[in-house]
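One file, upload.pdb, carrying PDB, C-alpha atoms, pLDDT in the B column:
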ATOM      1  CA  MET A   1       0.000   0.000   0.000  1.00 88.00           C
ATOM      2  CA  ILE A   2       2.799   2.413   1.000  1.00 95.00           C
ATOM      3  CA  LYS A   3       6.506   1.936   0.381  1.00 97.00           C
ATOM      4  CA  LEU A   4       9.043   4.103   2.169  1.00 98.00           C
ATOM      5  CA  ASP A   5      12.604   4.013   0.864  1.00 98.00           C
ATOM      6  CA  ARG A   6      15.625   6.213   1.348  1.00 98.00           C
ATOM      7  CA  GLN A   7      18.117   7.340  -1.295  1.00 97.00           C
ATOM      8  CA  ASP A   8      20.915   9.068   0.582  1.00 97.00           C
ATOM      9  CA  ALA A   9      19.231  12.050   2.280  1.00 98.00           C
ATOM     10  CA  VAL A  10      15.946  11.720   0.364  1.00 98.00           C
ATOM     11  CA  TRP A  11      13.008   9.739   1.684  1.00 98.00           C
ATOM     12  CA  ILE A  12      10.805   8.406  -1.119  1.00 98.00           C
ATOM     13  CA  LEU A  13       7.202   7.585  -0.184  1.00 98.00           C
ATOM     14  CA  THR A  14       5.420   5.620  -2.902  1.00 98.00           C
ATOM     15  CA  MET A  15       1.683   4.973  -2.919  1.00 98.00           C
ATOM     16  CA  CYS A  16       1.275   1.610  -4.630  1.00 96.00           C
ATOM     17  CA  ASP A  17      -2.321   0.442  -4.370  1.00 93.00           C
ATOM     18  CA  GLY A  18      -3.945   0.932  -7.780  1.00 95.00           C
ATOM     19  CA  GLU A  19      -5.774   4.254  -7.721  1.00 97.00           C
ATOM     20  CA  ASN A  20      -4.195   4.994  -4.334  1.00 97.00           C
ATOM     21  CA  ARG A  21      -7.466   6.211  -2.858  1.00 98.00           C
ATOM     22  CA  PHE A  22      -7.545   7.410   0.730  1.00 98.00           C
ATOM     23  CA  ASN A  23      -9.370   5.237   3.254  1.00 97.00           C
ATOM     24  CA  ARG A  24      -8.731   4.331   6.879  1.00 97.00           C
ATOM     25  CA  ASP A  25      -5.911   1.896   6.130  1.00 97.00           C
ATOM     26  CA  SER A  26      -4.086   4.056   3.598  1.00 97.00           C
ATOM     27  CA  LEU A  27      -4.426   7.178   5.743  1.00 98.00           C
ATOM     28  CA  ASP A  28      -2.965   5.353   8.747  1.00 98.00           C
ATOM     29  CA  ALA A  29      -0.103   4.125   6.548  1.00 98.00           C
ATOM     30  CA  LEU A  30       0.620   7.662   5.320  1.00 98.00           C
ATOM     31  CA  HIS A  31       0.701   9.028   8.868  1.00 98.00           C
ATOM     32  CA  GLY A  32       2.975   6.181   9.905  1.00 98.00           C
ATOM     33  CA  ALA A  33       5.377   6.964   7.081  1.00 98.00           C
ATOM     34  CA  LEU A  34       5.450  10.646   8.072  1.00 98.00           C
ATOM     35  CA  ASP A  35       6.202   9.602  11.654  1.00 97.00           C
ATOM     36  CA  THR A  36       9.283   7.735  10.400  1.00 97.00           C
ATOM     37  CA  VAL A  37      10.459  10.608   8.204  1.00 97.00           C
ATOM     38  CA  GLN A  38       9.894  13.218  10.885  1.00 94.00           C
ATOM     39  CA  ALA A  39      11.814  11.202  13.484  1.00 94.00           C
ATOM     40  CA  SER A  40      14.867  10.772  11.239  1.00 94.00           C
ATOM     41  CA  ALA A  41      18.070  12.595  12.095  1.00 92.00           C
ATOM     42  CA  GLY A  42      20.408  14.583   9.908  1.00 94.00           C
ATOM     43  CA  PRO A  43      19.864  16.081   6.456  1.00 97.00           C
ATOM     44  CA  ALA A  44      16.629  14.868   4.895  1.00 98.00           C
ATOM     45  CA  ALA A  45      13.916  15.710   2.390  1.00 98.00           C
ATOM     46  CA  LEU A  46      10.737  13.913   1.327  1.00 98.00           C
ATOM     47  CA  VAL A  47       9.431  12.955  -2.104  1.00 98.00           C
ATOM     48  CA  THR A  48       5.966  11.431  -2.504  1.00 98.00           C
ATOM     49  CA  THR A  49       4.784   9.701  -5.651  1.00 98.00           C
ATOM     50  CA  GLY A  50       2.472   6.996  -6.987  1.00 98.00           C
ATOM     51  CA  GLU A  51       2.705   4.166  -9.479  1.00 93.00           C
ATOM     52  CA  GLY A  52       1.291   3.775 -12.969  1.00 88.00           C
ATOM     53  CA  LYS A  53      -1.342   6.286 -14.101  1.00 94.00           C
ATOM     54  CA  PHE A  54      -2.283   7.556 -10.636  1.00 97.00           C
ATOM     55  CA  TYR A  55      -0.602   9.723  -8.056  1.00 98.00           C
ATOM     56  CA  SER A  56      -3.861   9.281  -6.167  1.00 98.00           C
ATOM     57  CA  ASN A  57      -7.510   9.497  -7.122  1.00 98.00           C
ATOM     58  CA  GLY A  58      -8.432  11.066  -3.789  1.00 98.00           C
ATOM     59  CA  ASN A  59     -10.845   9.803  -1.179  1.00 98.00           C
ATOM     60  CA  ASP A  60     -12.240   6.293  -1.406  1.00 97.00           C
ATOM     61  CA  LEU A  61     -15.890   7.304  -1.688  1.00 95.00           C
ATOM     62  CA  ASP A  62     -17.121   3.693  -1.768  1.00 95.00           C
ATOM     63  CA  TRP A  63     -15.360   3.020   1.530  1.00 96.00           C
ATOM     64  CA  LEU A  64     -16.737   6.220   3.044  1.00 95.00           C
ATOM     65  CA  VAL A  65     -20.313   5.314   2.042  1.00 93.00           C
ATOM     66  CA  GLY A  66     -19.867   1.927   3.670  1.00 96.00           C
ATOM     67  CA  ALA A  67     -18.334   3.281   6.880  1.00 94.00           C
ATOM     68  CA  PRO A  68     -20.553   6.195   7.977  1.00 94.00           C
ATOM     69  CA  ASP A  69     -19.436   5.950  11.605  1.00 96.00           C
ATOM     70  CA  GLU A  70     -15.822   6.516  10.587  1.00 96.00           C
ATOM     71  CA  ILE A  71     -16.307   9.611   8.425  1.00 96.00           C
ATOM     72  CA  ASP A  72     -15.696  12.206  11.135  1.00 97.00           C
ATOM     73  CA  GLY A  73     -12.503  10.567  12.358  1.00 98.00           C
ATOM     74  CA  PHE A  74     -11.311   9.979   8.825  1.00 98.00           C
ATOM     75  CA  MET A  75     -11.813  13.613   7.835  1.00 98.00           C
ATOM     76  CA  THR A  76     -10.049  14.801  10.981  1.00 98.00           C
ATOM     77  CA  ASP A  77      -7.037  12.659  10.117  1.00 98.00           C
ATOM     78  CA  LEU A  78      -7.151  13.672   6.441  1.00 98.00           C
ATOM     79  CA  HIS A  79      -7.042  17.346   7.410  1.00 98.00           C
ATOM     80  CA  ARG A  80      -4.218  16.592   9.819  1.00 98.00           C
ATOM     81  CA  LEU A  81      -2.286  14.848   7.047  1.00 98.00           C
ATOM     82  CA  LEU A  82      -2.465  17.983   4.891  1.00 98.00           C
ATOM     83  CA  GLY A  83      -1.331  20.111   7.816  1.00 98.00           C
ATOM     84  CA  ARG A  84       1.505  17.751   8.666  1.00 98.00           C
ATOM     85  CA  VAL A  85       2.884  17.847   5.121  1.00 98.00           C
ATOM     86  CA  ILE A  86       2.757  21.644   5.083  1.00 98.00           C
ATOM     87  CA  GLY A  87       4.471  21.791   8.470  1.00 97.00           C
ATOM     88  CA  LEU A  88       7.190  19.135   8.129  1.00 96.00           C
ATOM     89  CA  PRO A  89      10.613  20.450   9.193  1.00 95.00           C
ATOM     90  CA  LEU A  90      12.190  19.367   5.900  1.00 97.00           C
ATOM     91  CA  VAL A  91      11.677  20.150   2.230  1.00 98.00           C
ATOM     92  CA  THR A  92       8.925  18.176   0.465  1.00 98.00           C
ATOM     93  CA  VAL A  93       8.420  17.495  -3.241  1.00 98.00           C
ATOM     94  CA  ALA A  94       5.373  15.853  -4.843  1.00 98.00           C
ATOM     95  CA  ALA A  95       6.315  13.778  -7.905  1.00 98.00           C
ATOM     96  CA  VAL A  96       2.887  13.683  -9.545  1.00 98.00           C
ATOM     97  CA  ASN A  97       3.259  10.750 -11.912  1.00 98.00           C
ATOM     98  CA  GLY A  98      -0.387  10.706 -13.040  1.00 97.00           C
ATOM     99  CA  HIS A  99      -3.868  11.763 -11.972  1.00 98.00           C
ATOM    100  CA  ALA A 100      -4.191  13.726  -8.715  1.00 98.00           C
ATOM    101  CA  PHE A 101      -7.841  14.352  -7.880  1.00 98.00           C
ATOM    102  CA  GLY A 102      -9.670  15.842  -4.917  1.00 98.00           C
ATOM    103  CA  ALA A 103      -7.912  15.294  -1.608  1.00 98.00           C
ATOM    104  CA  ALA A 104      -4.869  14.006  -3.492  1.00 98.00           C
ATOM    105  CA  ALA A 105      -4.668  17.251  -5.471  1.00 98.00           C
ATOM    106  CA  MET A 106      -4.675  19.056  -2.123  1.00 98.00           C
ATOM    107  CA  LEU A 107      -1.995  16.720  -0.774  1.00 98.00           C
ATOM    108  CA  ALA A 108       0.206  17.459  -3.786  1.00 98.00           C
ATOM    109  CA  VAL A 109       0.060  21.233  -3.366  1.00 98.00           C
ATOM    110  CA  ALA A 110       0.614  20.899   0.383  1.00 98.00           C
ATOM    111  CA  HIS A 111       4.220  20.049  -0.557  1.00 98.00           C
ATOM    112  CA  ASP A 112       6.845  22.727  -1.067  1.00 98.00           C
ATOM    113  CA  PHE A 113       7.239  21.832  -4.735  1.00 98.00           C
ATOM    114  CA  VAL A 114       5.192  19.935  -7.336  1.00 98.00           C
ATOM    115  CA  ILE A 115       6.685  18.138 -10.342  1.00 98.00           C
ATOM    116  CA  MET A 116       4.023  16.925 -12.792  1.00 98.00           C
ATOM    117  CA  ARG A 117       4.068  14.646 -15.767  1.00 96.00           C
ATOM    118  CA  ALA A 118       3.688  16.788 -18.894  1.00 95.00           C
ATOM    119  CA  ASP A 119       2.118  14.318 -21.303  1.00 92.00           C
ATOM    120  CA  ARG A 120      -0.638  12.601 -19.314  1.00 92.00           C
ATOM    121  CA  GLY A 121      -2.469  12.951 -16.014  1.00 96.00           C
ATOM    122  CA  TYR A 122      -4.602  15.696 -14.521  1.00 98.00           C
ATOM    123  CA  TRP A 123      -4.621  17.743 -11.335  1.00 98.00           C
ATOM    124  CA  CYS A 124      -8.254  18.461 -10.430  1.00 98.00           C
ATOM    125  CA  LEU A 125     -10.574  19.555  -7.629  1.00 98.00           C
ATOM    126  CA  PRO A 126     -13.811  17.813  -8.752  1.00 98.00           C
ATOM    127  CA  GLU A 127     -15.927  18.717  -5.727  1.00 97.00           C
ATOM    128  CA  ALA A 128     -18.140  21.152  -7.660  1.00 97.00           C
ATOM    129  CA  ASP A 129     -19.145  18.320  -9.998  1.00 97.00           C
ATOM    130  CA  LEU A 130     -19.532  15.765  -7.203  1.00 96.00           C
ATOM    131  CA  GLY A 131     -21.664  17.926  -4.909  1.00 96.00           C
ATOM    132  CA  LEU A 132     -19.104  17.660  -2.113  1.00 95.00           C
ATOM    133  CA  PRO A 133     -18.273  21.110  -0.692  1.00 97.00           C
ATOM    134  CA  LEU A 134     -14.738  21.764   0.436  1.00 98.00           C
ATOM    135  CA  THR A 135     -14.176  21.877   4.168  1.00 98.00           C
ATOM    136  CA  PRO A 136     -12.673  25.011   5.735  1.00 98.00           C
ATOM    137  CA  ALA A 137      -9.398  23.148   6.271  1.00 98.00           C
ATOM    138  CA  MET A 138      -9.236  22.051   2.634  1.00 98.00           C
ATOM    139  CA  PHE A 139      -9.964  25.578   1.461  1.00 98.00           C
ATOM    140  CA  ALA A 140      -7.258  26.923   3.763  1.00 98.00           C
ATOM    141  CA  VAL A 141      -4.679  24.645   2.135  1.00 98.00           C
ATOM    142  CA  ILE A 142      -5.745  25.508  -1.414  1.00 98.00           C
ATOM    143  CA  SER A 143      -5.937  29.246  -0.826  1.00 98.00           C
ATOM    144  CA  ALA A 144      -2.539  29.283   0.920  1.00 98.00           C
ATOM    145  CA  LYS A 145      -0.771  27.343  -1.790  1.00 98.00           C
ATOM    146  CA  LEU A 146      -2.300  28.534  -5.083  1.00 98.00           C
ATOM    147  CA  PRO A 147      -2.572  31.930  -6.781  1.00 98.00           C
ATOM    148  CA  LYS A 148      -5.991  33.414  -6.038  1.00 98.00           C
ATOM    149  CA  ARG A 149      -7.259  33.335  -9.643  1.00 98.00           C
ATOM    150  CA  THR A 150      -6.130  29.723 -10.011  1.00 98.00           C
ATOM    151  CA  ALA A 151      -7.787  28.702  -6.748  1.00 98.00           C
ATOM    152  CA  HIS A 152     -10.997  30.404  -7.892  1.00 98.00           C
ATOM    153  CA  GLU A 153     -11.023  28.647 -11.254  1.00 98.00           C
ATOM    154  CA  ALA A 154     -10.059  25.252  -9.839  1.00 98.00           C
ATOM    155  CA  ILE A 155     -12.698  25.361  -7.101  1.00 98.00           C
ATOM    156  CA  VAL A 156     -15.566  26.858  -9.127  1.00 98.00           C
ATOM    157  CA  THR A 157     -15.115  25.025 -12.431  1.00 98.00           C
ATOM    158  CA  ALA A 158     -13.515  21.692 -11.418  1.00 98.00           C
ATOM    159  CA  ARG A 159     -11.135  22.178 -14.344  1.00 98.00           C
ATOM    160  CA  ARG A 160      -8.716  19.354 -15.107  1.00 98.00           C
ATOM    161  CA  TYR A 161      -5.207  20.760 -15.456  1.00 98.00           C
ATOM    162  CA  GLY A 162      -2.647  18.826 -17.467  1.00 98.00           C
ATOM    163  CA  GLY A 163       1.004  19.288 -16.617  1.00 98.00           C
ATOM    164  CA  ALA A 164       1.718  22.282 -18.858  1.00 97.00           C
ATOM    165  CA  ALA A 165      -1.502  24.047 -17.838  1.00 98.00           C
ATOM    166  CA  ALA A 166      -0.792  23.317 -14.175  1.00 98.00           C
ATOM    167  CA  GLN A 167       2.651  24.862 -14.487  1.00 98.00           C
ATOM    168  CA  ALA A 168       1.240  27.946 -16.213  1.00 98.00           C
ATOM    169  CA  ALA A 169      -1.406  28.290 -13.490  1.00 98.00           C
ATOM    170  CA  GLY A 170       1.083  28.076 -10.640  1.00 98.00           C
ATOM    171  CA  ILE A 171      -0.041  24.635  -9.440  1.00 98.00           C
ATOM    172  CA  ALA A 172       3.080  22.774 -10.584  1.00 98.00           C
ATOM    173  CA  HIS A 173       6.607  24.127 -10.481  1.00 98.00           C
ATOM    174  CA  ARG A 174       7.755  21.954 -13.376  1.00 98.00           C
ATOM    175  CA  ALA A 175       6.128  19.735 -16.014  1.00 98.00           C
ATOM    176  CA  VAL A 176       8.451  17.083 -17.425  1.00 98.00           C
ATOM    177  CA  GLY A 177       8.387  13.802 -19.322  1.00 95.00           C
ATOM    178  CA  GLN A 178       7.105  10.618 -17.723  1.00 92.00           C
ATOM    179  CA  GLU A 179      10.563   9.192 -17.109  1.00 94.00           C
ATOM    180  CA  GLN A 180      11.813  12.420 -15.559  1.00 97.00           C
ATOM    181  CA  VAL A 181       9.135  13.078 -12.925  1.00 98.00           C
ATOM    182  CA  LEU A 182      10.597  11.071 -10.061  1.00 98.00           C
ATOM    183  CA  ALA A 183      14.216  11.761 -11.006  1.00 98.00           C
ATOM    184  CA  GLU A 184      13.588  15.528 -11.102  1.00 98.00           C
ATOM    185  CA  ALA A 185      11.799  15.396  -7.751  1.00 98.00           C
ATOM    186  CA  ILE A 186      14.599  13.411  -6.111  1.00 98.00           C
ATOM    187  CA  ALA A 187      17.256  15.737  -7.540  1.00 98.00           C
ATOM    188  CA  MET A 188      15.407  18.801  -6.249  1.00 98.00           C
ATOM    189  CA  ALA A 189      14.877  17.201  -2.846  1.00 98.00           C
ATOM    190  CA  ALA A 190      18.529  16.149  -2.591  1.00 98.00           C
ATOM    191  CA  GLU A 191      19.687  19.677  -3.376  1.00 98.00           C
ATOM    192  CA  LEU A 192      17.535  21.087  -0.560  1.00 98.00           C
ATOM    193  CA  ALA A 193      17.927  18.308   2.016  1.00 98.00           C
ATOM    194  CA  GLY A 194      20.561  20.191   3.996  1.00 97.00           C
ATOM    195  CA  LYS A 195      18.371  23.140   4.936  1.00 97.00           C
ATOM    196  CA  ASP A 196      18.416  23.886   8.652  1.00 96.00           C
ATOM    197  CA  ARG A 197      15.423  22.229  10.270  1.00 94.00           C
ATOM    198  CA  ARG A 198      15.038  24.706  13.109  1.00 94.00           C
ATOM    199  CA  THR A 199      14.887  27.540  10.624  1.00 95.00           C
ATOM    200  CA  LEU A 200      12.378  25.639   8.478  1.00 96.00           C
ATOM    201  CA  VAL A 201      10.154  25.132  11.515  1.00 94.00           C
ATOM    202  CA  GLU A 202      10.074  28.863  12.190  1.00 95.00           C
ATOM    203  CA  HIS A 203       9.475  29.661   8.528  1.00 96.00           C
ATOM    204  CA  ARG A 204       6.617  27.131   8.405  1.00 96.00           C
ATOM    205  CA  ARG A 205       5.085  28.901  11.378  1.00 95.00           C
ATOM    206  CA  LEU A 206       5.399  32.316   9.761  1.00 96.00           C
ATOM    207  CA  LEU A 207       4.169  31.216   6.337  1.00 97.00           C
ATOM    208  CA  TYR A 208       1.466  28.699   7.218  1.00 97.00           C
ATOM    209  CA  GLY A 209       0.906  28.628  10.973  1.00 96.00           C
ATOM    210  CA  ASP A 210      -2.782  29.486  10.671  1.00 96.00           C
ATOM    211  CA  VAL A 211      -3.343  26.863   7.967  1.00 97.00           C
ATOM    212  CA  ILE A 212      -1.551  24.152   9.918  1.00 97.00           C
ATOM    213  CA  SER A 213      -3.665  24.917  12.973  1.00 96.00           C
ATOM    214  CA  ARG A 214      -6.857  24.946  10.900  1.00 97.00           C
ATOM    215  CA  CYS A 215      -5.930  21.450   9.711  1.00 98.00           C
ATOM    216  CA  GLY A 216      -5.566  20.264  13.312  1.00 97.00           C
ATOM    217  CA  ALA A 217      -1.809  19.699  13.073  1.00 96.00           C
ATOM    218  CA  ASP A 218       1.101  21.209  14.962  1.00 89.00           C
ATOM    219  CA  VAL A 219       4.186  22.880  13.589  1.00 78.00           C
ATOM    220  CA  PRO A 220       6.652  20.214  14.748  1.00 71.00           C
ATOM    221  CA  ALA A 221       9.638  20.875  16.940  1.00 67.00           C
ATOM    222  CA  ASP A 222      12.927  20.227  15.197  1.00 59.00           C
ATOM    223  CA  THR A 223      13.997  16.597  15.639  1.00 53.00           C
ATOM    224  CA  GLY A 224      16.924  16.476  13.257  1.00 52.00           C
ATOM    225  CA  GLU A 225      19.785  18.027  15.231  1.00 48.00           C
TER
END
Please lay out the structure from this file as structure tokens.
Amino acid sequence: MIKLDRQDAVWILTMCDGENRFNRDSLDALHGALDTVQASAGPAALVTTGEGKFYSNGNDLDWLVGAPDEIDGFMTDLHRLLGRVIGLPLVTVAAVNGHAFGAAAMLAVAHDFVIMRADRGYWCLPEADLGLPLTPAMFAVISAKLPKRTAHEAIVTARRYGGAAAQAAGIAHRAVGQEQVLAEAIAMAAELAGKDRRTLVEHRRLLYGDVISRCGADVPADTGE
């Protein structure tokens, strides 16, 4: 479901469960992986990616329909996941290898940098088409991370952005070929892995403290010195 590997200073988290939809098990696995990364010492950065045609297709709506008693707890932990990624005391890069929809699109932009595949795959907030309003925490993440006009268009129209369009709109930092997505993300992460964690913590607080709190997460204390 989740693989966590390390290449020198770069942690590589790979979602490897088909469409990589978020449900109780996958969300717990993601939090567990972040626990490991956050507890690591020394220079480090994090890259997240998927396999095949999906980065992640977002929430597992079939699971949610079948588990009504778990929805509140699941959403609390989903919001906290977004806040944790924004607040990690190390640089994060999303290697978006394919489709990133809904909550997964939010997870991608919660990272410091987004590398998208240029030829196939869409970044999309489909909630307007699904009749599922964004939560205040989700909106806080989107509005903090995207240019205002892009956030407006993405939220109101549910537009599907390919890699080039996502780069032009300020969603992705780079759009590259399929074989380059992960390599570019790892190279960027490796270059930035030595940034001082205590300074990053303070900068996270200044930049996104309100968003992290809205998501129910804490700006972590430095654990890497």
Quiz item: Could you write out as a PyMOL selection string the residues that the PyMOL selection byres ((chain A and resi 146-152) around 12) matches in the shown file?
Solution: chain A and resi 105-106+108-114+124-125+128+138-145+153-161+165-173
Could you dump the residues just selected with C-alpha atoms as an mmCIF file, in the coordinates of the input?
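Okay, this is what ended up in selection.cif:
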data_model
loop_
_atom_site.group_PDB
_atom_site.id
_atom_site.type_symbol
_atom_site.label_atom_id
_atom_site.label_comp_id
_atom_site.auth_asym_id
_atom_site.auth_seq_id
_atom_site.Cartn_x
_atom_site.Cartn_y
_atom_site.Cartn_z
ATOM 1 C CA ALA A 105 -4.668 17.251 -5.471
ATOM 2 C CA MET A 106 -4.675 19.056 -2.123
ATOM 3 C CA ALA A 108 0.206 17.459 -3.786
ATOM 4 C CA VAL A 109 0.060 21.233 -3.366
ATOM 5 C CA ALA A 110 0.614 20.899 0.383
ATOM 6 C CA HIS A 111 4.220 20.049 -0.557
ATOM 7 C CA ASP A 112 6.845 22.727 -1.067
ATOM 8 C CA PHE A 113 7.239 21.832 -4.735
ATOM 9 C CA VAL A 114 5.192 19.935 -7.336
ATOM 10 C CA CYS A 124 -8.254 18.461 -10.430
ATOM 11 C CA LEU A 125 -10.574 19.555 -7.629
ATOM 12 C CA ALA A 128 -18.140 21.152 -7.660
ATOM 13 C CA MET A 138 -9.236 22.051 2.634
ATOM 14 C CA PHE A 139 -9.964 25.578 1.461
ATOM 15 C CA ALA A 140 -7.258 26.923 3.763
ATOM 16 C CA VAL A 141 -4.679 24.645 2.135
ATOM 17 C CA ILE A 142 -5.745 25.508 -1.414
ATOM 18 C CA SER A 143 -5.937 29.246 -0.826
ATOM 19 C CA ALA A 144 -2.539 29.283 0.920
ATOM 20 C CA LYS A 145 -0.771 27.343 -1.790
ATOM 21 C CA GLU A 153 -11.023 28.647 -11.254
ATOM 22 C CA ALA A 154 -10.059 25.252 -9.839
ATOM 23 C CA ILE A 155 -12.698 25.361 -7.101
ATOM 24 C CA VAL A 156 -15.566 26.858 -9.127
ATOM 25 C CA THR A 157 -15.115 25.025 -12.431
ATOM 26 C CA ALA A 158 -13.515 21.692 -11.418
ATOM 27 C CA ARG A 159 -11.135 22.178 -14.344
ATOM 28 C CA ARG A 160 -8.716 19.354 -15.107
ATOM 29 C CA TYR A 161 -5.207 20.760 -15.456
ATOM 30 C CA ALA A 165 -1.502 24.047 -17.838
ATOM 31 C CA ALA A 166 -0.792 23.317 -14.175
ATOM 32 C CA GLN A 167 2.651 24.862 -14.487
ATOM 33 C CA ALA A 168 1.240 27.946 -16.213
ATOM 34 C CA ALA A 169 -1.406 28.290 -13.490
ATOM 35 C CA GLY A 170 1.083 28.076 -10.640
ATOM 36 C CA ILE A 171 -0.041 24.635 -9.440
ATOM 37 C CA ALA A 172 3.080 22.774 -10.584
ATOM 38 C CA HIS A 173 6.607 24.127 -10.481
#
Quiz item: Restricting the calculation to only C-alpha atoms, which member of A:Leu192, A:Val37, A:Leu130, A:Leu81 is positioned closest to Phe101 of chain A?
Solution: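 Of A:Leu192, A:Val37, A:Leu130, A:Leu81, the one nearest Phe101 of chain A, counting only C-alpha atoms, is A:Leu130.
Interatomic distance, atom CA of Val91 of chain A to atom CA of Leu27 of chain A: 21.0 Å.
The shell of residues at most 9 Å from Asn20 of chain A, with all atoms listed in the file counted and near chain neighbours (fewer than 5 positions) removed, consists of Met1, Met15, Ser26, Gly50, Glu51, Phe54, Tyr55, Ser56, Asn57, Gly58, Asn59 and Asp60 of chain A.
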Exercise. Find the residue from A:Thr135, A:Ser213, A:Thr92, A:Ser40 that sits nearest to Met75 of chain A; use all atoms listed in the file when measuring.
Key: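 When distances to Met75 of chain A are compared using all atoms listed in the file, the smallest one comes from A:Thr135.
With only C-alpha atoms as the atoms that count, the residue of A:Met116, A:Leu34, A:Ile12, A:Ala104 with the shortest distance to Leu88 of chain A is A:Leu34.
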Segment 194-209 of chain A surroundings by only C-alpha atoms, 12 Å radius, close-in-sequence under 2 positions cut, as an mmCIF file with C-alpha atoms, keeping the file's coordinate frame:
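Once everything was written out, this is selection_15.cif:
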data_model
loop_
_atom_site.group_PDB
_atom_site.id
_atom_site.type_symbol
_atom_site.label_atom_id
_atom_site.label_comp_id
_atom_site.auth_asym_id
_atom_site.auth_seq_id
_atom_site.Cartn_x
_atom_site.Cartn_y
_atom_site.Cartn_z
ATOM 1 C CA ASP A 8 20.915 9.068 0.582
ATOM 2 C CA ALA A 9 19.231 12.050 2.280
ATOM 3 C CA VAL A 10 15.946 11.720 0.364
ATOM 4 C CA GLN A 38 9.894 13.218 10.885
ATOM 5 C CA SER A 40 14.867 10.772 11.239
ATOM 6 C CA ALA A 41 18.070 12.595 12.095
ATOM 7 C CA GLY A 42 20.408 14.583 9.908
ATOM 8 C CA PRO A 43 19.864 16.081 6.456
ATOM 9 C CA ALA A 44 16.629 14.868 4.895
ATOM 10 C CA ALA A 45 13.916 15.710 2.390
ATOM 11 C CA LEU A 46 10.737 13.913 1.327
ATOM 12 C CA LEU A 82 -2.465 17.983 4.891
ATOM 13 C CA GLY A 83 -1.331 20.111 7.816
ATOM 14 C CA ARG A 84 1.505 17.751 8.666
ATOM 15 C CA VAL A 85 2.884 17.847 5.121
ATOM 16 C CA ILE A 86 2.757 21.644 5.083
ATOM 17 C CA GLY A 87 4.471 21.791 8.470
ATOM 18 C CA LEU A 88 7.190 19.135 8.129
ATOM 19 C CA PRO A 89 10.613 20.450 9.193
ATOM 20 C CA LEU A 90 12.190 19.367 5.900
ATOM 21 C CA VAL A 91 11.677 20.150 2.230
ATOM 22 C CA THR A 92 8.925 18.176 0.465
ATOM 23 C CA ALA A 110 0.614 20.899 0.383
ATOM 24 C CA HIS A 111 4.220 20.049 -0.557
ATOM 25 C CA ASP A 112 6.845 22.727 -1.067
ATOM 26 C CA ALA A 140 -7.258 26.923 3.763
ATOM 27 C CA VAL A 141 -4.679 24.645 2.135
ATOM 28 C CA ILE A 142 -5.745 25.508 -1.414
ATOM 29 C CA SER A 143 -5.937 29.246 -0.826
ATOM 30 C CA ALA A 144 -2.539 29.283 0.920
ATOM 31 C CA LYS A 145 -0.771 27.343 -1.790
ATOM 32 C CA MET A 188 15.407 18.801 -6.249
ATOM 33 C CA ALA A 189 14.877 17.201 -2.846
ATOM 34 C CA ALA A 190 18.529 16.149 -2.591
ATOM 35 C CA GLU A 191 19.687 19.677 -3.376
ATOM 36 C CA LEU A 192 17.535 21.087 -0.560
ATOM 37 C CA VAL A 211 -3.343 26.863 7.967
ATOM 38 C CA ILE A 212 -1.551 24.152 9.918
ATOM 39 C CA SER A 213 -3.665 24.917 12.973
ATOM 40 C CA ARG A 214 -6.857 24.946 10.900
ATOM 41 C CA CYS A 215 -5.930 21.450 9.711
ATOM 42 C CA GLY A 216 -5.566 20.264 13.312
ATOM 43 C CA ALA A 217 -1.809 19.699 13.073
ATOM 44 C CA ASP A 218 1.101 21.209 14.962
ATOM 45 C CA VAL A 219 4.186 22.880 13.589
ATOM 46 C CA PRO A 220 6.652 20.214 14.748
ATOM 47 C CA ALA A 221 9.638 20.875 16.940
ATOM 48 C CA ASP A 222 12.927 20.227 15.197
ATOM 49 C CA THR A 223 13.997 16.597 15.639
ATOM 50 C CA GLY A 224 16.924 16.476 13.257
ATOM 51 C CA GLU A 225 19.785 18.027 15.231
#
Quiz prompt | Between atom CA of Val65 of chain A and atom CA of Glu19 of chain A, distance in Å (one decimal) | solution =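 Computing the Euclidean distance for atom CA of Val65 of chain A and atom CA of Glu19 of chain A yields 17.5 Å.
Atom CA of Gly73 of chain A is positioned 21.3 Å from atom CA of Asp210 of chain A.
Restricting the calculation to only C-alpha atoms, the smallest distance between Arg6 of chain A and any of A:Ala95, A:Ala137, A:Ile186, A:Ala29 is found for A:Ile186.
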Quiz prompt | Spatial neighbours of Trp63 of chain A, 10 Å, all atoms listed in the file, chain gap at least 4 places, as an MDAnalysis selection string | solution = chainID A and resid 21:24 59 67:68 70:71
Quiz prompt | Closest of A:Thr36, A:Gln178, A:Gln7, A:Thr76 to Gly52 of chain A - atom-to-atom distances counting only C-alpha atoms | solution = A:Gln178
Quiz item: Counting all atoms listed in the file, which of A:Gly18, A:Gly66, A:Pro136, A:Gly121 gets nearest to Ala164 of chain A?
Solution: A:Gly121
